[in-house]
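Undergrad: First, the structure itself, so that you have it in front of you.
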Amino acid sequence: MKELLYGVAYYTEYMPYERLDKDIQMMKDAGINLVRIAESTWSTHEPQNGVFEFSHVDRVLDAMHRAGIKVIVGTPTYAIPTWMVKEHPDVLAETAKGPGRYGARQIMDITNPTYLFYAERIIRKLIGHVKDHPAIIGYQVDNETKHYHTAGANVQFMFVKYMKAKFESIESLNQASGLDYWSNRINSWEDFPSVVGTINGSLGSEFARFQRRLVTDFLAWQASIVNEYKRPEQFVTHNFDFEWRGHSFGVQPDVDHFEASASLDIAGVDIYHPSQDNLTGIEISFGGDVTRSLKGTNYFVLETQAQAFPDWTPYPGQLRLLAFSHLASGANMVSYWQWHSIHNSFETYWKGLLSHDFESNPVYEEAKTIGIDFNRLSPHLINLRKSNRVAMLVSNEALTALSWFPLPGGKIKYNDIVRLMYDEVFKMNIGCDIVSPASDTFENYDLLLVPALYAASDQLLERLNAYVRNGGHIVYTFKSGFTDEHVKVRTTLQPGVISEACGIRYNMFAEPKSVSLNGDPFGVGAENNQVETWMELLTSTTAEVLASYDHPHWGAYAAITKNCFGQGTATYIGCLPSAAVMSKIIEAAAKEAGLWGADQEIRHPLIMKSGVNELGRTVRYYFNYSDHTETLKYPHGEGIELLSGQVVKQGQTLELSRWGFAIIEETS
Amino acid sequence: MKELLYGVAYYTEYMPYERLDKDIQMMKDAGINLVRIAESTWSTHEPQNGVFEFSHVDRVLDAMHRAGIKVIVGTPTYAIPTWMVKEHPDVLAETAKGPGRYGARQIMDITNPTYLFYAERIIRKLIGHVKDHPAIIGYQVDNETKHYHTAGANVQFMFVKYMKAKFESIESLNQASGLDYWSNRINSWEDFPSVVGTINGSLGSEFARFQRRLVTDFLAWQASIVNEYKRPEQFVTHNFDFEWRGHSFGVQPDVDHFEASASLDIAGVDIYHPSQDNLTGIEISFGGDVTRSLKGTNYFVLETQAQAFPDWTPYPGQLRLLAFSHLASGANMVSYWQWHSIHNSFETYWKGLLSHDFESNPVYEEAKTIGIDFNRLSPHLINLRKSNRVAMLVSNEALTALSWFPLPGGKIKYNDIVRLMYDEVFKMNIGCDIVSPASDTFENYDLLLVPALYAASDQLLERLNAYVRNGGHIVYTFKSGFTDEHVKVRTTLQPGVISEACGIRYNMFAEPKSVSLNGDPFGVGAENNQVETWMELLTSTTAEVLASYDHPHWGAYAAITKNCFGQGTATYIGCLPSAAVMSKIIEAAAKEAGLWGADQEIRHPLIMKSGVNELGRTVRYYFNYSDHTETLKYPHGEGIELLSGQVVKQGQTLELSRWGFAIIEETS
Amino acid sequence: MKELLYGVAYYTEYMPYERLDKDIQMMKDAGINLVRIAESTWSTHEPQNGVFEFSHVDRVLDAMHRAGIKVIVGTPTYAIPTWMVKEHPDVLAETAKGPGRYGARQIMDITNPTYLFYAERIIRKLIGHVKDHPAIIGYQVDNETKHYHTAGANVQFMFVKYMKAKFESIESLNQASGLDYWSNRINSWEDFPSVVGTINGSLGSEFARFQRRLVTDFLAWQASIVNEYKRPEQFVTHNFDFEWRGHSFGVQPDVDHFEASASLDIAGVDIYHPSQDNLTGIEISFGGDVTRSLKGTNYFVLETQAQAFPDWTPYPGQLRLLAFSHLASGANMVSYWQWHSIHNSFETYWKGLLSHDFESNPVYEEAKTIGIDFNRLSPHLINLRKSNRVAMLVSNEALTALSWFPLPGGKIKYNDIVRLMYDEVFKMNIGCDIVSPASDTFENYDLLLVPALYAASDQLLERLNAYVRNGGHIVYTFKSGFTDEHVKVRTTLQPGVISEACGIRYNMFAEPKSVSLNGDPFGVGAENNQVETWMELLTSTTAEVLASYDHPHWGAYAAITKNCFGQGTATYIGCLPSAAVMSKIIEAAAKEAGLWGADQEIRHPLIMKSGVNELGRTVRYYFNYSDHTETLKYPHGEGIELLSGQVVKQGQTLELSRWGFAIIEETS
């Protein structure tokens, strides 16, 4: 990228009346230099089967080009037209809940050949039509693609072939999956039942992995088609999203982001997060860290909120704060969904940069200041390079397996444990990358955080042992190493292969009721010293016991341990601790790994993010995620605060207004 | 009507043993002069396809006639016989949840021709059979009719034709409904998908309107058949009901009562309400005001509770209180559902006037006193005429639209806002009519209360502006005017057309968290000064700001405003206030409209209802809806307390025992 | 039985690797002398249709026999193989929720002839194959059989025939069931609708009874097949289970245990119960009392928990406590489900005696001590005979009917009332049998506890009246006698037939809100004096009023009464009281019946259970179900504490450690 992109999604198709010129003028006023178009409106592009109509696309492209606004064109395949479903109802995904029905987006069977035929045709027609237009800088294939739980007979048919290829013999499938249980044994491939009703977690997890593979294949297929048309300087991206809990929350269960991003040039993402008093910066940081890690470089925030939900309407200053927060995580683009607010259909409550009245409003006015600053500071802020020494290892397989074998109570899920760790490392201002089990680079980090790696192969665990032996530091939570890659519980003492590096063993566990850590070993106070949901009754073999349980019968067991193994250390957390305890544990591990510095003494709501810019200078963002003024002593070498242009000296007190921030480019 | 009707539903079909004479004797003892029969027992009337058997009806008619008890005969069409479903399973309504199955009442597709054929035949056979019987004073067509969410292929087929007729061009449909969104565009009528799965709120709301139309048409069709048989002095009525939240609560979502009552001679209704310590009189008043407003005159309470649920078993005095409460709202009939308690099937818990043992009981004994008083006071209490100066404008369209686009949290629905306003106007003893958008008389009122008129045409809103300009007073709540009649959000500054009369504008809103009204402007105390669920950030153009928000960022915006416009005033409530604040706002508006008098100084639990009787005298009911004695100073001219026959002078203190009441006919 | 059986379920089919010899060695070390095999693994026994493979069974039988461990072989019919469903999908039960789908166990239609054909064949093949093996002491037919809500067209077809046979005329069916209601009348058998959607509680309850009959017939059919093969010294048993509320809770709704056990030689059961701080002994006692009562003699605990759920992992001592608790209720076997913990599929969280690692662990170590003691003390503890003078009358029919006509709020169900009574009689150390309406021996008891006998024939109620007249004592709760055996509410004054013995009548009832018993007549304190959920407004005819309501309007009505009738007394509880009040009522009735002694002065957490052993000596268990030491004065004649071998004299203080117990065999 040569300049920061400040964008909006723009759908001329949705406009209640003609206002393209007026919109473009207002975009220009706000420094908008990018629009994303065309990805949701197949029924406009192809009003009838085989009848194509792109004049509305041409018109927008031409107008944007005249205005100097760049365009990303999306393939429109994630929402299918009425005529297709009327002609071919079986394009709808059949799921465990039954056949699909028309209405929402993202309801088709992404393996259905009829759908694929029409999808390919509209992609070729649309992209072929616009491919030479100078306004276009790149393409987005599909949008927030998932497998939509497609599980009909054709999908089951493919799954059996997948299983045959994977396991080769029926006996190895039965053995790996423990299908003897409750007479689920499959003695002939022909007997393979639909897994829609299966109660076998191994089979179910493998099917989930197969479904994620469908997404990977689908996106690669779309990218390969678009690649036939794109010009060398153009890119192909995709808009990934996260597990949704009213906002972007954690690892996406239905897509392997790492695998699926392989076919893309640039990783894109949407990040939606609480706002107003609940704006913490965590989701922006987490989503950014995941997406930056996919391709190991800068990424696009293809969608984020302007006004959105009524409880997200931003306070003054928050829109600026979040825009620069994305840059600080390595984004080269911040693009709102969407330009205006929708007047019909479903998402009228989800407001854009403009309200339904298309008039200026306080949020739009604030956007103007962002556009100006993006443009002005682009050479200093674009292509931020980050070199983190900490990584978190996340695993779709562990997530799925833990959803099959949930923790007691069913409330704490994989992503809660991910976030329990991530939030603390974020709050202590330690930059973090995200890696997957397939990563071949995690040995490069000084510290690995490993939440609930419930399903993992021996090879992966042995590699993690080697990592510690060779000087790496790991913090594991409970449940790590419990099952193998087929979600078979290990038959050894737990935590299986990693027992060696962790210096512990256990074979009993319980659900804690009124249990705390004996003697408050982390000094967090009674309220934060409680253990919830899960407790493994650990016995140290070589580990140092950091905490044991305050329990009338199980007080002799360890709760949290640390083991020196080879050149490194492995910390193991055998229970669900409070955030305060998690923070202390990660702090200790970070110190052990030599990762503690002045910025770690600053804590949320003050957040520091840094990187090296194209000028080779270190840029540090200091954010105040709070509704009151905060101050800090700037601990680094002299620099220029880029927004104000003022010099900042080491030790100087910075005052950050509520929801305010400073950007300091180090010059000394 | 020439006399007050005191009735019961009576089903000889359900009797566990022969006891018609005994029942009639007990009815006579209690002053029962009406029974309602035959509407639930098609399978008895027509035991086999085409085999008719009415001897049980004849027998009851003859016996009642001999006893001087009048009869309403109902058409039995709301519960279908087993043979019909066995022969023609497709008479069951197919809904979004799938095909129907036999068991409950109200499960058929009211558009199915097989059902309609059989329904017409049983109506003609039954009514033709009894039409000359002297006991019969009128007929009830069907019962609590709704559309039962019928949505099968045949209904979709009719809906497409309805849409064609309504929108004429496919383009205007797409435009009005915003179908471009998520590629829902329909480019050919043949492509029209089933709307069962639609996510388009415009389409969904139109389908709901179409379904309500089916109910209107069905009742008109039944009435037209019965009209062929009825004698001039007889009437056709129907038993409407309300949104059910464990009791009658608010506007019925599935029927347009105003439209559907056009084919009836007299409006009938069932009203069920909390009892014991939760008996407030509100549901009786609300249900009565709606039903009286349908035809602008007196109405029937065709069903209400005697003992009913275990938590409704009335305290001594409550049965009397509720019977006269109905009269005070303008009812000419109070009829219990039902005479006795049912011994089998489904509703055995729902007790009648008699318990399962058919013996006398305290509730029945209390009914006797009511029967005597009804008979004695009938000339004074029947045909009460009411001339209210306040009306509430309710809208099925707004209700449906707001259910498609719910308020944050999903708890506060349209009827909660209706009731928030209604309850307060009730408690301050201001008589209120209910009008619909189709009303051509609302200009006659001095004050209009308009809850959440979320969907409304420009014409309606302009008419409301004109009403204010010409001297009317309106109180609007938030969300009014937000979308047009197609549930398209207006593209102007909000609240759209009514901005002019209200003197405000806004284009931002939020969900309040710990927000109150600045400075407690209504003096209601901290607890009642909170704002919940919704806050529009209002800016006054010409309005007086009655309240603004106590909020760290949005304190400059108005929350509640009042605007003088032409000869009238428009108050706009931009947030969900407490009942206490709503009360203060309506009080102020009522005073502005010149509607404040001595009875408004009396407050719930003391409630006054009044009207003019056939003697031309004003009758005032004073009710004590509480479990303790209350007193009040009678503020009107000298009169006779009808129950005791004693003179009551102006200024005299009336003592009302717990759950007691007085009825004063003004004589001076 | 000649020796106590200490067992485990053992599935060689589930083993992740070969370890039969090692397992047997560890079993022997723990005193395990029984394994239960083969009942869950049809797909291993018959890998393809008609291909049988029993070498894994032979191998286990041989090895166990060599080790002196006895074996129960189960028929494998409760979990069907994949090939069967693939060939014949209609073997899956169609229920009210729709067609079945493959995956879980217990999903088949137990009336489907295809299923029955295959089931019979595998039973004959398996049992025929092993019948001569000396290791086998008996067989278990199927497992936790229920009807799985099978309700497809074939089941409906059979049900109509069942109804024809039962009611003979369609008119008597209509009359008994009140089908006229809502036009449900059936005027021809051909019109009989599927009852899947019925709202008629009489019909629905009869269908539930029919479904329970299917279970009885199915088990009798299986037993008859196995009986063809079994040797004279062998037995046939079945593993019954209870209503499940996260653990064994109450009467099993879907099986009539009394009826279904007729075809068995020995009654078996699984009992799972809360543990850790929630281990009370109640479920063990209740489940034991039910199962002992089925055949009037000792029974098998075929399954109970070792470690099981994470919140059940036993504290030290608890495994011993629960093992001997079963013996104290009359069990001759305690068998864990299961030997080891499962590594795949569904129940990996449900841990066995061994953890997933197959190593020793504290629970296994504790089991060793149990095995030793069982073996050592077997002659003293086996075949305990119990002669209780109290019985509780439970009724599947009442349970079903009360689920059709639930109490207000829907939270308190039949089994809550059962347990409210049972728990108190348990806590006061009164031995209790369980009888059903079909029992011909309940006249032998001195005291009958009758919870909510909502549906009962006149004959049964008259028999209960006669029981009182002849000197028996009864405690009834509310709702007893309310409907007849067809769930028709009685048309007499309530409580119907039993009014006579109870000396009361009522015809009104209510849901109490803030109601208590007037004057705290049982001295239980304000908190325990509340009445919840249900209050009948009782009037005494001849009864003594034990409690009346503290209520502003209904204070004159009785709440709890006692009536002397003939030689006995009938206590009637017209409301839902607290456990404390229930305890006082039962205490008074027990005293009246002459059932109060020294052991009744001991209270939970100290529990005494007793019986007479094969040596003709009284054996008394004293259990401490608490986490702290308890003491008691031993009130009986001198004896030997069997665990320690020490003499215990009358009046001597026994100290029971937390979760500890003593077993005293009386010698004087």
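How things are named: the first chain in the structure tokens is A, the next is B, and so on; residues count from 1 in each chain; ligands count from 1 in the order shown.
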Applying 8 Å and only C-alpha atoms, which residues near Ala308 of chain C remain after dropping the ones on its own chain fewer than 4 positions away? List them as a PyMOL selection string.

TA: chain C and resi 312-313+349-352

Undergrad: Take the residues from that selection and write them out as a PDB file, in the first residue's frame, keeping C-alpha atoms.

TA:
ATOM      1  CA  TRP C 312     -19.152 -35.848  41.788  1.00  0.00           C
ATOM      2  CA  THR C 313     -15.501 -36.855  42.155  1.00  0.00           C
ATOM      3  CA  TYR C 349     -16.461 -36.752  31.107  1.00  0.00           C
ATOM      4  CA  TRP C 350     -18.080 -39.610  33.022  1.00  0.00           C
ATOM      5  CA  LYS C 351     -15.201 -41.195  34.793  1.00  0.00           C
ATOM      6  CA  GLY C 352     -15.008 -44.806  35.926  1.00  0.00           C
TER       7      GLY C 352
END

Undergrad: Check every residue of chain B for an atom within 6 Å of chain A, counting only C-alpha atoms, and provide those that qualify as a list of chain:residue names.

TA: B:Gly178, B:Trp182, B:Ser183, B:Arg185, B:Asn187, B:Asp191, B:Gly197, B:Thr198, B:Ile199, B:Asn200, B:Gly201, B:Lys488, B:Val489, B:Thr491, B:Thr492, B:Leu493, B:Asn507, B:Ala510, B:Glu511

Undergrad: Save the residues we just selected, C-alpha atoms, as a CSV table (one decimal), in the first residue's frame?

TA:
chain,number,residue,atom,x,y,z
B,178,GLY,CA,-36.0,-2.2,-0.2
B,182,TRP,CA,-29.1,-8.8,0.7
B,183,SER,CA,-30.2,-9.6,-2.9
B,185,ARG,CA,-34.9,-8.3,-5.1
B,187,ASN,CA,-37.4,-9.2,-10.7
B,191,ASP,CA,-39.8,-15.4,-8.6
B,197,GLY,CA,-38.3,-17.2,5.8
B,198,THR,CA,-38.1,-13.5,4.8
B,199,ILE,CA,-35.8,-11.2,6.7
B,200,ASN,CA,-37.3,-8.2,5.0
B,201,GLY,CA,-39.4,-6.3,7.6
B,488,LYS,CA,-39.3,2.2,5.1
B,489,VAL,CA,-37.4,4.5,7.4
B,491,THR,CA,-35.1,9.7,4.6
B,492,THR,CA,-35.7,13.1,6.2
B,493,LEU,CA,-34.7,14.3,9.6
B,507,ASN,CA,-30.8,11.8,13.6
B,510,ALA,CA,-28.9,5.4,21.8
B,511,GLU,CA,-29.7,2.8,24.4

Undergrad: Please run DSSP on the backbone and report, as a PyMOL selection string, all residues within segment 159-265 of chain A that come out as helix (DSSP H, G or I).

TA: chain A and resi 159-167+170-177+181-183+189-191+195-197+201-227+257-263

Undergrad: Distance atom CA of Val73 of chain B-atom CA of Leu321 of chain B, one decimal place?

TA: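 Taking atom CA of Val73 of chain B and atom CA of Leu321 of chain B, their separation equals 27.9 Å.
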
Undergrad: Would you kindly return, as a ChimeraX atom specification, each protein, DNA or RNA residue with an atom no farther than 9 Å from any atom of segment 607-614 of chain B, considering only C-alpha atoms and excluding same-chain residues fewer than 3 positions away?

TA: /B:281,325,328-330,379-387,426-431,599-600,602-604,617-625,665

Undergrad: I'd like to know which of C:Tyr445, C:Phe52, C:Trp534, C:Trp596 is closest to Leu576 of chain C, using only C-alpha atoms.

TA: C:Trp534

Undergrad: Tell me, in Å to one decimal, how far atom CA of Ser516 of chain B is from atom CA of Val531 of chain B.

TA: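 Computing the Euclidean distance for atom CA of Ser516 of chain B and atom CA of Val531 of chain B yields 5.2 Å.
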